[in-house]
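run_9.pdb, holding PDB, C-alpha atoms and all ligand atoms:
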```
ATOM      1  CA  MET A   1      17.843   5.515 -17.675
ATOM      2  CA  ALA A   2      14.522   4.272 -16.353
ATOM      3  CA  GLU A   3      11.222   5.267 -17.913
ATOM      4  CA  ALA A   4       9.955   6.775 -14.663
ATOM      5  CA  THR A   5      10.869   7.744 -11.097
ATOM      6  CA  LEU A   6       8.883   6.904  -7.987
ATOM      7  CA  THR A   7       9.572   8.977  -4.901
ATOM      8  CA  ILE A   8       8.854   7.029  -1.730
ATOM      9  CA  ALA A   9       9.438   7.210   2.010
ATOM     10  CA  SER A  10      10.499   4.474   4.436
ATOM     11  CA  LYS A  11       9.938   0.909   3.302
ATOM     12  CA  ASN A  12       9.323  -0.249   6.857
ATOM     13  CA  TYR A  13       6.747   2.392   7.800
ATOM     14  CA  GLY A  14       5.531   3.859   4.487
ATOM     15  CA  SER A  15       2.201   2.210   3.786
ATOM     16  CA  TRP A  16       1.302   4.646   1.006
ATOM     17  CA  SER A  17       4.755   4.224  -0.485
ATOM     18  CA  LEU A  18       4.279   0.450  -0.522
ATOM     19  CA  ARG A  19       0.983   0.861  -2.376
ATOM     20  CA  GLY A  20       2.473   3.159  -5.015
ATOM     21  CA  TRP A  21       5.553   1.001  -5.462
ATOM     22  CA  LEU A  22       3.507  -2.211  -5.796
ATOM     23  CA  LEU A  23       1.288  -0.537  -8.381
ATOM     24  CA  CYS A  24       4.374   0.325 -10.450
ATOM     25  CA  LYS A  25       5.645  -3.250 -10.124
ATOM     26  CA  LEU A  26       2.289  -4.775 -11.054
ATOM     27  CA  ALA A  27       2.082  -2.454 -14.060
ATOM     28  CA  GLY A  28       5.493  -3.641 -15.234
ATOM     29  CA  LEU A  29       6.760  -0.061 -15.288
ATOM     30  CA  ASP A  30      10.470   0.512 -15.804
ATOM     31  CA  PHE A  31      11.100   2.867 -12.876
ATOM     32  CA  GLU A  32      13.793   3.937 -10.491
ATOM     33  CA  GLU A  33      13.184   4.682  -6.842
ATOM     34  CA  GLU A  34      14.003   7.870  -5.050
ATOM     35  CA  GLN A  35      13.754   7.311  -1.330
ATOM     36  CA  SER A  36      13.270  10.358   0.823
ATOM     37  CA  ARG A  37      13.268  10.781   4.545
ATOM     38  CA  SER A  38      10.184  12.917   5.110
ATOM     39  CA  ASP A  39      11.305  13.964   8.613
ATOM     40  CA  ASP A  40      14.329  15.667   7.069
ATOM     41  CA  PRO A  41      13.506  19.402   6.598
ATOM     42  CA  SER A  42      15.497  19.689   3.349
ATOM     43  CA  VAL A  43      13.672  16.701   1.910
ATOM     44  CA  ARG A  44      10.331  18.162   2.940
ATOM     45  CA  ALA A  45      11.233  21.397   1.158
ATOM     46  CA  GLU A  46      12.218  19.449  -1.928
ATOM     47  CA  LEU A  47       8.997  17.449  -1.841
ATOM     48  CA  LEU A  48       7.018  20.653  -1.547
ATOM     49  CA  LEU A  49       8.639  21.904  -4.733
ATOM     50  CA  LEU A  50       8.124  18.635  -6.558
ATOM     51  CA  SER A  51       4.688  17.598  -5.391
ATOM     52  CA  PRO A  52       1.901  20.142  -4.886
ATOM     53  CA  SER A  53       0.271  17.935  -2.250
ATOM     54  CA  PHE A  54       3.599  17.491  -0.416
ATOM     55  CA  LEU A  55       3.007  13.771  -0.232
ATOM     56  CA  VAL A  56       4.721  10.613  -1.336
ATOM     57  CA  PRO A  57       4.440   8.338  -3.237
ATOM     58  CA  ARG A  58       4.892  10.532  -6.281
ATOM     59  CA  LEU A  59       5.386   9.173  -9.786
ATOM     60  CA  THR A  60       7.236  11.153 -12.437
ATOM     61  CA  HIS A  61       6.805   9.862 -15.985
ATOM     62  CA  ALA A  62       7.316  11.657 -19.310
ATOM     63  CA  GLY A  63       7.451  15.003 -17.521
ATOM     64  CA  ILE A  64       4.141  14.289 -15.769
ATOM     65  CA  LYS A  65       4.032  14.279 -11.970
ATOM     66  CA  VAL A  66       1.339  12.165 -10.336
ATOM     67  CA  TRP A  67       0.855  12.032  -6.579
ATOM     68  CA  ASP A  68      -1.766  10.158  -4.580
ATOM     69  CA  THR A  69      -1.985   6.390  -4.930
ATOM     70  CA  LEU A  70      -5.399   6.278  -6.590
ATOM     71  CA  ALA A  71      -4.297   8.767  -9.246
ATOM     72  CA  ILE A  72      -1.084   6.770  -9.749
ATOM     73  CA  ALA A  73      -3.139   3.585 -10.197
ATOM     74  CA  GLU A  74      -5.417   5.208 -12.778
ATOM     75  CA  TYR A  75      -2.428   6.712 -14.605
ATOM     76  CA  LEU A  76      -0.601   3.373 -14.738
ATOM     77  CA  ASN A  77      -3.748   1.604 -15.899
ATOM     78  CA  GLU A  78      -3.988   4.039 -18.829
ATOM     79  CA  LEU A  79      -0.277   3.679 -19.562
ATOM     80  CA  LYS A  80      -0.107  -0.120 -19.287
ATOM     81  CA  PRO A  81      -3.626  -1.473 -19.862
ATOM     82  CA  GLU A  82      -2.216  -4.896 -20.675
ATOM     83  CA  ALA A  83      -0.961  -5.245 -17.081
ATOM     84  CA  GLY A  84      -4.509  -5.694 -15.793
ATOM     85  CA  LEU A  85      -4.263  -3.246 -12.895
ATOM     86  CA  MET A  86      -8.049  -3.044 -13.147
ATOM     87  CA  PRO A  87     -10.199  -6.176 -13.499
ATOM     88  CA  ALA A  88     -11.489  -6.950 -17.017
ATOM     89  CA  GLY A  89     -15.220  -6.799 -16.295
ATOM     90  CA  ARG A  90     -17.033  -3.491 -15.756
ATOM     91  CA  ALA A  91     -18.808  -4.701 -12.596
ATOM     92  CA  ASP A  92     -15.536  -5.950 -11.121
ATOM     93  CA  ARG A  93     -13.805  -2.695 -12.054
ATOM     94  CA  ALA A  94     -16.528  -0.763 -10.240
ATOM     95  CA  VAL A  95     -16.117  -2.861  -7.081
ATOM     96  CA  CYS A  96     -12.322  -2.665  -7.372
ATOM     97  CA  ARG A  97     -12.517   1.138  -7.491
ATOM     98  CA  ALA A  98     -15.053   1.217  -4.642
ATOM     99  CA  ILE A  99     -13.013  -0.904  -2.227
ATOM    100  CA  SER A 100      -9.795   0.862  -3.227
ATOM    101  CA  GLY A 101     -11.537   4.162  -2.464
ATOM    102  CA  GLU A 102     -12.786   2.780   0.836
ATOM    103  CA  MET A 103      -9.209   1.834   1.760
ATOM    104  CA  HIS A 104      -7.925   5.213   0.613
ATOM    105  CA  SER A 105     -10.366   7.302   2.638
ATOM    106  CA  GLY A 106     -11.421   5.049   5.516
ATOM    107  CA  PHE A 107     -10.251   2.724   8.255
ATOM    108  CA  SER A 108      -8.741   5.543  10.306
ATOM    109  CA  ASN A 109      -8.962   3.531  13.550
ATOM    110  CA  LEU A 110      -6.999   0.677  12.026
ATOM    111  CA  ARG A 111      -4.453   3.109  10.639
ATOM    112  CA  SER A 112      -3.811   4.831  13.943
ATOM    113  CA  ALA A 113      -3.999   1.756  16.185
ATOM    114  CA  LEU A 114      -2.013  -0.617  13.959
ATOM    115  CA  PRO A 115       0.513   1.467  11.984
ATOM    116  CA  MET A 116       2.531  -0.388   9.385
ATOM    117  CA  ASN A 117       5.812  -1.640  10.820
ATOM    118  CA  ILE A 118       7.093  -4.542   8.759
ATOM    119  CA  LYS A 119      10.040  -5.305  11.009
ATOM    120  CA  ALA A 120       7.953  -5.588  14.149
ATOM    121  CA  HIS A 121       5.951  -8.530  15.469
ATOM    122  CA  TYR A 122       3.639  -8.296  18.469
ATOM    123  CA  PRO A 123       2.277 -11.745  19.335
ATOM    124  CA  GLY A 124      -1.009 -11.548  21.248
ATOM    125  CA  PHE A 125      -1.436  -7.823  20.492
ATOM    126  CA  LYS A 126      -4.663  -6.518  22.077
ATOM    127  CA  VAL A 127      -6.673  -4.859  19.319
ATOM    128  CA  TRP A 128      -8.691  -1.843  20.451
ATOM    129  CA  ALA A 129     -12.466  -2.195  19.875
ATOM    130  CA  GLY A 130     -12.544   0.749  17.460
ATOM    131  CA  ALA A 131      -9.992  -0.914  15.219
ATOM    132  CA  ARG A 132     -11.864  -4.216  15.465
ATOM    133  CA  ALA A 133     -14.790  -2.730  13.486
ATOM    134  CA  ASP A 134     -12.359  -1.729  10.712
ATOM    135  CA  ILE A 135     -10.830  -5.210  10.705
ATOM    136  CA  ASP A 136     -14.281  -6.794  10.462
ATOM    137  CA  ARG A 137     -15.169  -4.584   7.489
ATOM    138  CA  ILE A 138     -11.910  -5.438   5.707
ATOM    139  CA  VAL A 139     -12.475  -9.150   6.287
ATOM    140  CA  THR A 140     -15.977  -8.800   4.797
ATOM    141  CA  ILE A 141     -14.552  -7.049   1.728
ATOM    142  CA  TRP A 142     -11.905  -9.714   1.245
ATOM    143  CA  ARG A 143     -14.337 -12.600   1.783
ATOM    144  CA  ASP A 144     -16.860 -11.152  -0.696
ATOM    145  CA  CYS A 145     -14.192 -10.559  -3.354
ATOM    146  CA  LEU A 146     -12.512 -13.939  -2.897
ATOM    147  CA  ALA A 147     -15.863 -15.765  -2.999
ATOM    148  CA  GLY A 148     -16.857 -13.874  -6.160
ATOM    149  CA  SER A 149     -13.552 -14.305  -8.002
ATOM    150  CA  GLY A 150     -12.380 -17.655  -6.670
ATOM    151  CA  GLY A 151      -9.080 -16.033  -5.605
ATOM    152  CA  PRO A 152      -6.258 -16.303  -4.917
ATOM    153  CA  TYR A 153      -6.244 -12.514  -5.373
ATOM    154  CA  LEU A 154      -9.246 -10.270  -4.782
ATOM    155  CA  PHE A 155     -10.327 -10.285  -8.426
ATOM    156  CA  GLY A 156      -8.965 -13.612  -9.593
ATOM    157  CA  ASN A 157      -5.675 -15.093 -10.608
ATOM    158  CA  ARG A 158      -3.620 -11.917 -10.960
ATOM    159  CA  PRO A 159      -3.082  -9.155  -8.428
ATOM    160  CA  CYS A 160      -4.679  -5.810  -9.272
ATOM    161  CA  MET A 161      -5.022  -2.286  -7.911
ATOM    162  CA  ALA A 162      -7.183  -3.406  -4.969
ATOM    163  CA  ASP A 163      -4.599  -5.961  -3.867
ATOM    164  CA  ALA A 164      -1.949  -3.232  -3.871
ATOM    165  CA  MET A 165      -4.233  -0.978  -1.815
ATOM    166  CA  PHE A 166      -4.772  -3.680   0.821
ATOM    167  CA  ALA A 167      -1.202  -5.042   0.861
ATOM    168  CA  PRO A 168      -0.116  -2.841   3.810
ATOM    169  CA  VAL A 169      -3.139  -4.143   5.746
ATOM    170  CA  VAL A 170      -1.830  -7.665   5.186
ATOM    171  CA  THR A 171       1.507  -6.712   6.749
ATOM    172  CA  ARG A 172      -0.314  -5.035   9.668
ATOM    173  CA  PHE A 173      -2.380  -8.154  10.344
ATOM    174  CA  LEU A 174       0.851 -10.158  10.528
ATOM    175  CA  THR A 175       2.707  -7.583  12.622
ATOM    176  CA  TYR A 176      -0.122  -7.305  15.161
ATOM    177  CA  ASP A 177      -1.026 -10.999  15.155
ATOM    178  CA  VAL A 178      -4.630 -10.415  14.024
ATOM    179  CA  GLY A 179      -6.499 -13.738  13.918
ATOM    180  CA  LEU A 180      -8.131 -14.458  10.548
ATOM    181  CA  ASP A 181     -10.357 -17.141   9.035
ATOM    182  CA  PRO A 182      -8.624 -19.658   6.714
ATOM    183  CA  ASP A 183      -9.649 -17.874   3.479
ATOM    184  CA  CYS A 184      -8.343 -14.496   4.602
ATOM    185  CA  ALA A 185      -5.234 -16.080   6.102
ATOM    186  CA  ALA A 186      -4.554 -17.793   2.755
ATOM    187  CA  TYR A 187      -5.070 -14.472   0.978
ATOM    188  CA  CYS A 188      -2.477 -12.864   3.270
ATOM    189  CA  THR A 189      -0.041 -15.704   2.613
ATOM    190  CA  GLY A 190      -0.484 -15.221  -1.137
ATOM    191  CA  ILE A 191       0.124 -11.479  -0.937
ATOM    192  CA  MET A 192       3.218 -11.926   1.204
ATOM    193  CA  ALA A 193       4.573 -14.534  -1.241
ATOM    194  CA  MET A 194       4.399 -12.202  -4.259
ATOM    195  CA  PRO A 195       7.969 -11.598  -5.509
ATOM    196  CA  ALA A 196       7.456  -7.830  -5.368
ATOM    197  CA  MET A 197       6.304  -8.053  -1.740
ATOM    198  CA  GLN A 198       9.284 -10.216  -0.872
ATOM    199  CA  GLU A 199      11.575  -7.631  -2.451
ATOM    200  CA  TRP A 200       9.933  -4.775  -0.514
ATOM    201  CA  ILE A 201       9.988  -6.674   2.798
ATOM    202  CA  ALA A 202      13.677  -7.554   2.427
ATOM    203  CA  ALA A 203      14.477  -3.875   1.821
ATOM    204  CA  ALA A 204      12.279  -2.806   4.769
ATOM    205  CA  LYS A 205      14.105  -5.214   7.071
ATOM    206  CA  ALA A 206      17.445  -3.830   5.899
ATOM    207  CA  GLU A 207      16.490  -0.242   6.779
ATOM    208  CA  PRO A 208      18.201   1.238   9.833
ATOM    209  CA  ASP A 209      15.988   1.637  12.915
ATOM    210  CA  GLU A 210      15.377   5.355  12.665
ATOM    211  CA  LEU A 211      12.023   5.640  14.377
ATOM    212  CA  GLU A 212      11.553   3.846  17.661
ATOM    213  CA  GLU A 213       7.810   4.104  17.668
ATOM    214  CA  LEU A 214       5.228   5.482  15.291
ATOM    215  CA  ASP A 215       1.710   6.275  16.359
ATOM    216  CA  VAL A 216       0.461   7.887  13.170
ATOM    217  CA  GLU A 217       0.052   6.509   9.713
ATOM    218  CA  PHE A 218       2.995   7.157   7.436
TER     219      PHE A 218
HETATM  220  N1  LIG A 301      -3.671   9.780   0.197
HETATM  221  C1  LIG A 301      -2.258   9.857  -0.101
HETATM  222  C2  LIG A 301      -1.518   9.620   1.190
HETATM  223  C3  LIG A 301      -0.029   9.763   1.032
HETATM  224  C4  LIG A 301       0.662  10.023   2.362
HETATM  225  O1  LIG A 301       0.032  10.247   3.406
HETATM  226  N2  LIG A 301       1.988  10.015   2.320
HETATM  227  C5  LIG A 301       2.793  10.298   3.487
HETATM  228  C6  LIG A 301       3.976   9.380   3.639
HETATM  229  S1  LIG A 301       3.758   7.721   3.148
HETATM  230  C7  LIG A 301       3.404  11.673   3.334
HETATM  231  O2  LIG A 301       3.961  11.990   2.310
HETATM  232  N3  LIG A 301       3.290  12.510   4.383
HETATM  233  C8  LIG A 301       3.857  13.831   4.364
HETATM  234  C9  LIG A 301       5.129  13.932   5.108
HETATM  235  O3  LIG A 301       5.521  12.940   5.748
HETATM  236  O4  LIG A 301       5.734  14.983   5.060
HETATM  237  C10 LIG A 301      -1.935   8.849  -1.189
HETATM  238  O5  LIG A 301      -2.822   8.091  -1.564
HETATM  239  O6  LIG A 301      -0.834   8.828  -1.736
END
```
For the file at hand, write its structure as C-alpha cells.
Ligand SMILES: N[C@@H](CCC(=O)N[C@@H](CS)C(=O)NCC(=O)O)C(=O)O
Amino acid sequence: MAEATLTIASKNYGSWSLRGWLLCKLAGLDFEEEQSRSDDPSVRAELLLLSPSFLVPRLTHAGIKVWDTLAIAEYLNELKPEAGLMPAGRADRAVCRAISGEMHSGFSNLRSALPMNIKAHYPGFKVWAGARADIDRIVTIWRDCLAGSGGPYLFGNRPCMADAMFAPVVTRFLTYDVGLDPDCAAYCTGIMAMPAMQEWIAAAKAEPDELEELDVEF
C-alpha cells in the first residue's frame, strides 16, 4: 500500500491537479492516485466530506489531509527536505515562494482566456489583450529566474516547487501557440521533457473527451 493518496481531477483539464501531482512526483513521494470527476454530484459530495475546502488536489498522508497546492508543497518540503522542492538558498526560497504565490493567486485573465487543455492545439490562436499582460509578466518572471540561476529550471539544475506551479502555464503556451523568446521556449521544452510531465501528458491524452469546451479554470 502506498504511503499517501492524492485525489485529483481530470488530467487533461485539471491544472491544479497537475501542480499537486507534480509536487508529489518531485518530492519522490510513494503515493497512489484517486481520480475524481468533479462534475459528478456523488463525487462532489464525497469531496465535501473529505476536504473542507471542497477542492482537489488533496493529499492524504499519515492520517493528515492537506488541500491547496501551496500547502501541499510546504507539507512535502517538510516531509522530504532532501528532494529540494524549495531552493537551497534563503533568497532563492523567498523568490520561489513569491512567484509561486503570484501564480496561485494571480493571472486570472490568462486562466480564463487560455484554460488548460493538453489534448488541444490552436495554431495562430488570437490572445486577448488582457491575457497578454499576464503572459508578459510570466515571461519576465521566467527570464529573471533563468538568468539568475542559469537554468534549465527556474532555480537551477533541478525542478522545484515554482516549476510545478508554472508547469500548467507551459502546456497552455503550447496549446494556444503563444510565441516565446528562445530562453522561455527552451524552458518550456525542458518542462515538457521531464519524465513526470511525459507520464501526465500521456494519461491526459488517453482520457475520454468528456468536456467539449471549458471556459473556466479547472
Ligand atoms: N487554490 C486551489 C485551487 C484548487 C482548485 O480550484 N481545484 C478545482 C479543480 S482542479 C476544484 O476542485 N474545483 C471544485 C470543483 O470542481 O468542484 C489549490 O491551490 O489547490
_One number please: atom CA of A:Ala186 to atom CA of A:Pro152, in Å, one decimal._
8.0 Å
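Take the PyMOL selection byres (((chain A and resi 90-99) around 9) and not hetatm) and apply it to this file: it picks Leu70, Met86, Pro87, Ala88, Gly89, Ser100, Gly101, Glu102, Met103, His104, Ile141, Cys145, Leu154, Phe155, Cys160, Met161, Ala162 and Met165 of chain A.
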*asked:* Residue by residue, what does the PyMOL selection byres (((chain A and resi 118) around 10) and not hetatm) grab here? Present the result as a list in words.
replied: Lys11, Asn12, Tyr13, Gly14, Ser15, Pro115, Met116, Asn117, Lys119, Ala120, His121, Pro168, Thr171, Arg172, Leu174, Thr175, Trp200, Ile201, Ala202, Ala204 and Lys205 of chain A
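In this model, the gap between atom CA of A:Asp177 and atom CA of A:Asp209 comes to 21.3 Å.
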_Distance limit 8 Å, reference ligand LIG 301 (chain A), atoms considered: all atoms listed in the file. Which residues make the cut? Give them as a ChimeraX atom specification._
/A:8-10,13-17,20,38-39,44,54-58,67-71,104-105,217-218
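On the file presented, the PyMOL selection byres (((chain A and resi 4) around 12) and not hetatm) picks out Met1, Ala2, Glu3, Thr5, Leu6, Thr7, Trp21, Cys24, Lys25, Gly28, Leu29, Asp30, Phe31, Glu32, Glu33, Glu34, Arg58, Leu59, Thr60, His61, Ala62, Gly63, Ile64, Lys65, Val66, Leu76 and Leu79 of chain A.
Here atom CA of A:Asn109 and atom CA of A:Asp134 stand 6.9 Å from one another.
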*Do a neighbour search on stretch 180-182 of chain A at 12 Å with all atoms listed in the file, toss out local chain neighbours closer than 2 positions, and write the hits as a list in words.*
Arg132, Ile135, Asp136, Ile138, Val139, Thr140, Trp142, Arg143, Leu146, Val170, Phe173, Leu174, Tyr176, Asp177, Val178, Cys184, Ala185, Ala186, Tyr187, Cys188 and Thr189 of chain A
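If you measure from each of A:Gly130, A:Met192, A:Val169, A:Asp183 to A:Ala147 using all atoms listed in the file, the closest one turns out to be A:Asp183.
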Is it possible to get the residues within 10 Å of (-7.2, 0.7, 22.0) (coordinates as in the file, counting only C-alpha atoms) written as an mmCIF file with C-alpha atoms, in the frame of the given file?
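Listed below is the output, point.cif:
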```cif
data_model
loop_
_atom_site.group_PDB
_atom_site.id
_atom_site.type_symbol
_atom_site.label_atom_id
_atom_site.label_comp_id
_atom_site.auth_asym_id
_atom_site.auth_seq_id
_atom_site.Cartn_x
_atom_site.Cartn_y
_atom_site.Cartn_z
ATOM 1 C CA ASN A 109 -8.962 3.531 13.550
ATOM 2 C CA LEU A 110 -6.999 0.677 12.026
ATOM 3 C CA SER A 112 -3.811 4.831 13.943
ATOM 4 C CA ALA A 113 -3.999 1.756 16.185
ATOM 5 C CA LEU A 114 -2.013 -0.617 13.959
ATOM 6 C CA LYS A 126 -4.663 -6.518 22.077
ATOM 7 C CA VAL A 127 -6.673 -4.859 19.319
ATOM 8 C CA TRP A 128 -8.691 -1.843 20.451
ATOM 9 C CA ALA A 129 -12.466 -2.195 19.875
ATOM 10 C CA GLY A 130 -12.544 0.749 17.460
ATOM 11 C CA ALA A 131 -9.992 -0.914 15.219
ATOM 12 C CA ARG A 132 -11.864 -4.216 15.465
#
```
All heavy atoms restored at stretch 26-37 of chain A, emitted as a PDB file, in the frame of the given file:
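Written out: part30.pdb:
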```
ATOM      1  N   LEU A  26       3.352  -3.997 -10.404  1.00  0.00           N
ATOM      2  CA  LEU A  26       2.289  -4.775 -11.054  1.00  0.00           C
ATOM      3  C   LEU A  26       2.061  -4.292 -12.483  1.00  0.00           C
ATOM      4  O   LEU A  26       1.724  -5.082 -13.365  1.00  0.00           O
ATOM      5  CB  LEU A  26       0.969  -4.666 -10.261  1.00  0.00           C
ATOM      6  CG  LEU A  26       0.961  -5.274  -8.859  1.00  0.00           C
ATOM      7  CD1 LEU A  26      -0.410  -5.099  -8.205  1.00  0.00           C
ATOM      8  CD2 LEU A  26       1.328  -6.752  -8.893  1.00  0.00           C
ATOM      9  N   ALA A  27       2.266  -3.008 -12.704  1.00  0.00           N
ATOM     10  CA  ALA A  27       2.082  -2.454 -14.060  1.00  0.00           C
ATOM     11  C   ALA A  27       3.229  -2.842 -14.983  1.00  0.00           C
ATOM     12  O   ALA A  27       3.132  -2.680 -16.201  1.00  0.00           O
ATOM     13  CB  ALA A  27       1.958  -0.930 -13.976  1.00  0.00           C
ATOM     14  N   GLY A  28       4.326  -3.316 -14.409  1.00  0.00           N
ATOM     15  CA  GLY A  28       5.493  -3.641 -15.234  1.00  0.00           C
ATOM     16  C   GLY A  28       6.228  -2.396 -15.690  1.00  0.00           C
ATOM     17  O   GLY A  28       6.913  -2.414 -16.719  1.00  0.00           O
ATOM     18  N   LEU A  29       6.102  -1.328 -14.932  1.00  0.00           N
ATOM     19  CA  LEU A  29       6.760  -0.061 -15.288  1.00  0.00           C
ATOM     20  C   LEU A  29       8.262  -0.161 -15.046  1.00  0.00           C
ATOM     21  O   LEU A  29       8.704  -0.723 -14.042  1.00  0.00           O
ATOM     22  CB  LEU A  29       6.170   1.064 -14.427  1.00  0.00           C
ATOM     23  CG  LEU A  29       6.636   2.476 -14.747  1.00  0.00           C
ATOM     24  CD1 LEU A  29       6.034   2.945 -16.076  1.00  0.00           C
ATOM     25  CD2 LEU A  29       6.246   3.446 -13.628  1.00  0.00           C
ATOM     26  N   ASP A  30       9.021   0.395 -15.978  1.00  0.00           N
ATOM     27  CA  ASP A  30      10.470   0.512 -15.804  1.00  0.00           C
ATOM     28  C   ASP A  30      10.706   1.790 -15.000  1.00  0.00           C
ATOM     29  O   ASP A  30      10.606   2.886 -15.543  1.00  0.00           O
ATOM     30  CB  ASP A  30      11.123   0.573 -17.195  1.00  0.00           C
ATOM     31  CG  ASP A  30      12.584   0.967 -17.115  1.00  0.00           C
ATOM     32  OD1 ASP A  30      13.231   0.638 -16.104  1.00  0.00           O
ATOM     33  OD2 ASP A  30      13.068   1.610 -18.070  1.00  0.00           O
ATOM     34  N   PHE A  31      10.965   1.660 -13.703  1.00  0.00           N
ATOM     35  CA  PHE A  31      11.100   2.867 -12.876  1.00  0.00           C
ATOM     36  C   PHE A  31      12.282   2.757 -11.924  1.00  0.00           C
ATOM     37  O   PHE A  31      12.721   1.663 -11.571  1.00  0.00           O
ATOM     38  CB  PHE A  31       9.815   3.142 -12.084  1.00  0.00           C
ATOM     39  CG  PHE A  31       9.545   2.166 -10.953  1.00  0.00           C
ATOM     40  CD1 PHE A  31       9.793   2.513  -9.630  1.00  0.00           C
ATOM     41  CD2 PHE A  31       9.035   0.906 -11.210  1.00  0.00           C
ATOM     42  CE1 PHE A  31       9.540   1.627  -8.584  1.00  0.00           C
ATOM     43  CE2 PHE A  31       8.779   0.001 -10.176  1.00  0.00           C
ATOM     44  CZ  PHE A  31       9.026   0.364  -8.865  1.00  0.00           C
ATOM     45  N   GLU A  32      12.782   3.924 -11.540  1.00  0.00           N
ATOM     46  CA  GLU A  32      13.793   3.937 -10.491  1.00  0.00           C
ATOM     47  C   GLU A  32      13.173   4.563  -9.249  1.00  0.00           C
ATOM     48  O   GLU A  32      12.239   5.370  -9.354  1.00  0.00           O
ATOM     49  CB  GLU A  32      15.057   4.672 -10.925  1.00  0.00           C
ATOM     50  CG  GLU A  32      14.854   6.103 -11.330  1.00  0.00           C
ATOM     51  CD  GLU A  32      16.101   6.685 -12.012  1.00  0.00           C
ATOM     52  OE1 GLU A  32      16.896   5.916 -12.592  1.00  0.00           O
ATOM     53  OE2 GLU A  32      16.237   7.920 -11.948  1.00  0.00           O
ATOM     54  N   GLU A  33      13.712   4.168  -8.107  1.00  0.00           N
ATOM     55  CA  GLU A  33      13.184   4.682  -6.842  1.00  0.00           C
ATOM     56  C   GLU A  33      14.001   5.863  -6.366  1.00  0.00           C
ATOM     57  O   GLU A  33      15.215   5.892  -6.552  1.00  0.00           O
ATOM     58  CB  GLU A  33      13.295   3.623  -5.743  1.00  0.00           C
ATOM     59  CG  GLU A  33      12.483   2.411  -5.952  1.00  0.00           C
ATOM     60  CD  GLU A  33      12.893   1.343  -4.929  1.00  0.00           C
ATOM     61  OE1 GLU A  33      13.403   1.690  -3.835  1.00  0.00           O
ATOM     62  OE2 GLU A  33      12.723   0.176  -5.261  1.00  0.00           O
ATOM     63  N   GLU A  34      13.329   6.764  -5.727  1.00  0.00           N
ATOM     64  CA  GLU A  34      14.003   7.870  -5.050  1.00  0.00           C
ATOM     65  C   GLU A  34      13.443   7.847  -3.637  1.00  0.00           C
ATOM     66  O   GLU A  34      12.247   8.124  -3.452  1.00  0.00           O
ATOM     67  CB  GLU A  34      13.645   9.167  -5.767  1.00  0.00           C
ATOM     68  CG  GLU A  34      14.381  10.374  -5.314  1.00  0.00           C
ATOM     69  CD  GLU A  34      13.947  11.556  -6.160  1.00  0.00           C
ATOM     70  OE1 GLU A  34      12.784  11.972  -6.042  1.00  0.00           O
ATOM     71  OE2 GLU A  34      14.756  12.049  -6.960  1.00  0.00           O
ATOM     72  N   GLN A  35      14.266   7.457  -2.695  1.00  0.00           N
ATOM     73  CA  GLN A  35      13.754   7.311  -1.330  1.00  0.00           C
ATOM     74  C   GLN A  35      14.098   8.545  -0.521  1.00  0.00           C
ATOM     75  O   GLN A  35      15.260   8.934  -0.437  1.00  0.00           O
ATOM     76  CB  GLN A  35      14.321   6.052  -0.678  1.00  0.00           C
ATOM     77  CG  GLN A  35      13.517   5.611   0.530  1.00  0.00           C
ATOM     78  CD  GLN A  35      13.931   4.237   1.033  1.00  0.00           C
ATOM     79  OE1 GLN A  35      14.828   3.620   0.494  1.00  0.00           O
ATOM     80  NE2 GLN A  35      13.283   3.778   2.078  1.00  0.00           N
ATOM     81  N   SER A  36      13.069   9.127   0.065  1.00  0.00           N
ATOM     82  CA  SER A  36      13.270  10.358   0.823  1.00  0.00           C
ATOM     83  C   SER A  36      12.895  10.157   2.273  1.00  0.00           C
ATOM     84  O   SER A  36      11.923   9.478   2.573  1.00  0.00           O
ATOM     85  CB  SER A  36      12.376  11.467   0.261  1.00  0.00           C
ATOM     86  OG  SER A  36      12.668  11.662  -1.088  1.00  0.00           O
ATOM     87  N   ARG A  37      13.644  10.786   3.124  1.00  0.00           N
ATOM     88  CA  ARG A  37      13.268  10.781   4.545  1.00  0.00           C
ATOM     89  C   ARG A  37      12.399  11.996   4.784  1.00  0.00           C
ATOM     90  O   ARG A  37      12.861  13.123   4.757  1.00  0.00           O
ATOM     91  CB  ARG A  37      14.519  10.877   5.410  1.00  0.00           C
ATOM     92  CG  ARG A  37      15.248   9.563   5.542  1.00  0.00           C
ATOM     93  CD  ARG A  37      16.221   9.664   6.664  1.00  0.00           C
ATOM     94  NE  ARG A  37      15.640  10.420   7.792  1.00  0.00           N
ATOM     95  CZ  ARG A  37      16.131  10.398   9.018  1.00  0.00           C
ATOM     96  NH1 ARG A  37      17.159   9.674   9.298  1.00  0.00           N
ATOM     97  NH2 ARG A  37      15.579  11.104   9.977  1.00  0.00           N
TER      98      ARG A  37
END
```
